[in-house]
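Student: The structure under discussion is supplied below as structure tokens; questions concerning it will follow.
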Amino acid sequence: MAGETVITIIGNLTDEPEIRTIGSGAAVASFTIASTPRTWNRNSNQFEDGQALFLRCSAWRDMAEHCAQSLHKGMRVIAQGRLQQRSYQAQDGSNRTVIELQVDEIGPSLRYATAQVHRVQHGNGGGYQGGGSGFAGNQQPQYGVNPSNTGQQPAQSQQLGGDHWASNNNQPSDFGSFGGNTDEF
């Protein structure tokens with residue numbers, strides 16, 4: 001992965017993620033993120049939009065399914081990934097080259113919205129080694145903010161004494177078996 005161009009883009013989805021399955025059986029979600037810079041105009045005392053960048057993105061395998069279930073048209077997202085250039089021959093016979101973002105990480109922006117995140121349990125229960133969620137057993141913990149805006153903490157935070165990073169013997173840690181050392185955070 002050395003020498004690849006890694007970027008982070010913040011913008012809005014222009015349409016619903018489109019998911020398809022390729023010949024090998026892998027799922028891929030395709031979508032476009034529109035990122036529009038805004039600058040303050042001192043003369044008019046207001047923000048003005050600059051020229052929008054429309055970046056085509058692809059997410060693969062489990063992340064493709066997660067994107068299709070979680071992301072929707074108009075949603076503000078933060079995506080990080082690697083720029084990929086590929087060439088192909090169009091139906092009219094012309095050769096074309098496109099640059100797209102192969103997404104490694106993506107999530108909703110919480111600048112103007114709230115979100116509730118749910119970990120997904122996979123069959124083997126292992127961490128990254130087996131592609132699982134990192135939680136043992138069939139537990140499905142919930143993390144995120146309470147969308148009701150009533151000032152109450154999420155259910156798991158209440159069970160853990162209000163500490164989002166705490167864990168006890170009855171609940172998995174936030175880092176599960178991902179192999180991460182919680183002291184690093």
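We name chains A, B, ... following the order of the structure tokens; residues begin at 1 in each chain, and ligands are numbered from 1 as shown.
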Find the residues near A:Val6: any atom within 12 Å, counting only C-alpha atoms, skip ones fewer than 3 places away on the same chain, and give them as a PyMOL selection string.
Tutor: chain A and resi 1-3+9+79-84+100-105
Student: Pick out the residues sitting within 10 Å of A:Ala26, and hand them over as a VMD selection string; count only C-alpha atoms, and ignore anything fewer than 4 positions along from it in its own chain.
Tutor: chain A and resid 20 to 22 60 to 62 64
Student: Between A:Pro108, A:Pro17, A:Gly11, A:Gly25, which has the minimum distance to A:Arg38 (counting only C-alpha atoms)?
Tutor: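 Among A:Pro108, A:Pro17, A:Gly11, A:Gly25, it is A:Gly11 that comes nearest to A:Arg38.
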Student: So how far away is atom CA of A:Thr114 from atom CA of A:Ser70, in Å?
Tutor: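 Value for the atom CA of A:Ser70-atom CA of A:Thr114 distance: 13.1 Å.
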Student: When you look at A:Gln51 with a cut-off of 12 Å (counting only C-alpha atoms), what residues show up, excluding the ones that are within fewer than 2 positions of it in the same chain? I need them as a ChimeraX atom specification.
Tutor: /A:34-39,48-49,53-54
Student: So, counting only C-alpha atoms, which residue among A:Ala27, A:Ile33, A:Ile78, A:Ile99 is closest to A:Ala59?
Tutor: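 The shortest atom-to-atom distance to A:Ala59 comes from A:Ala27.
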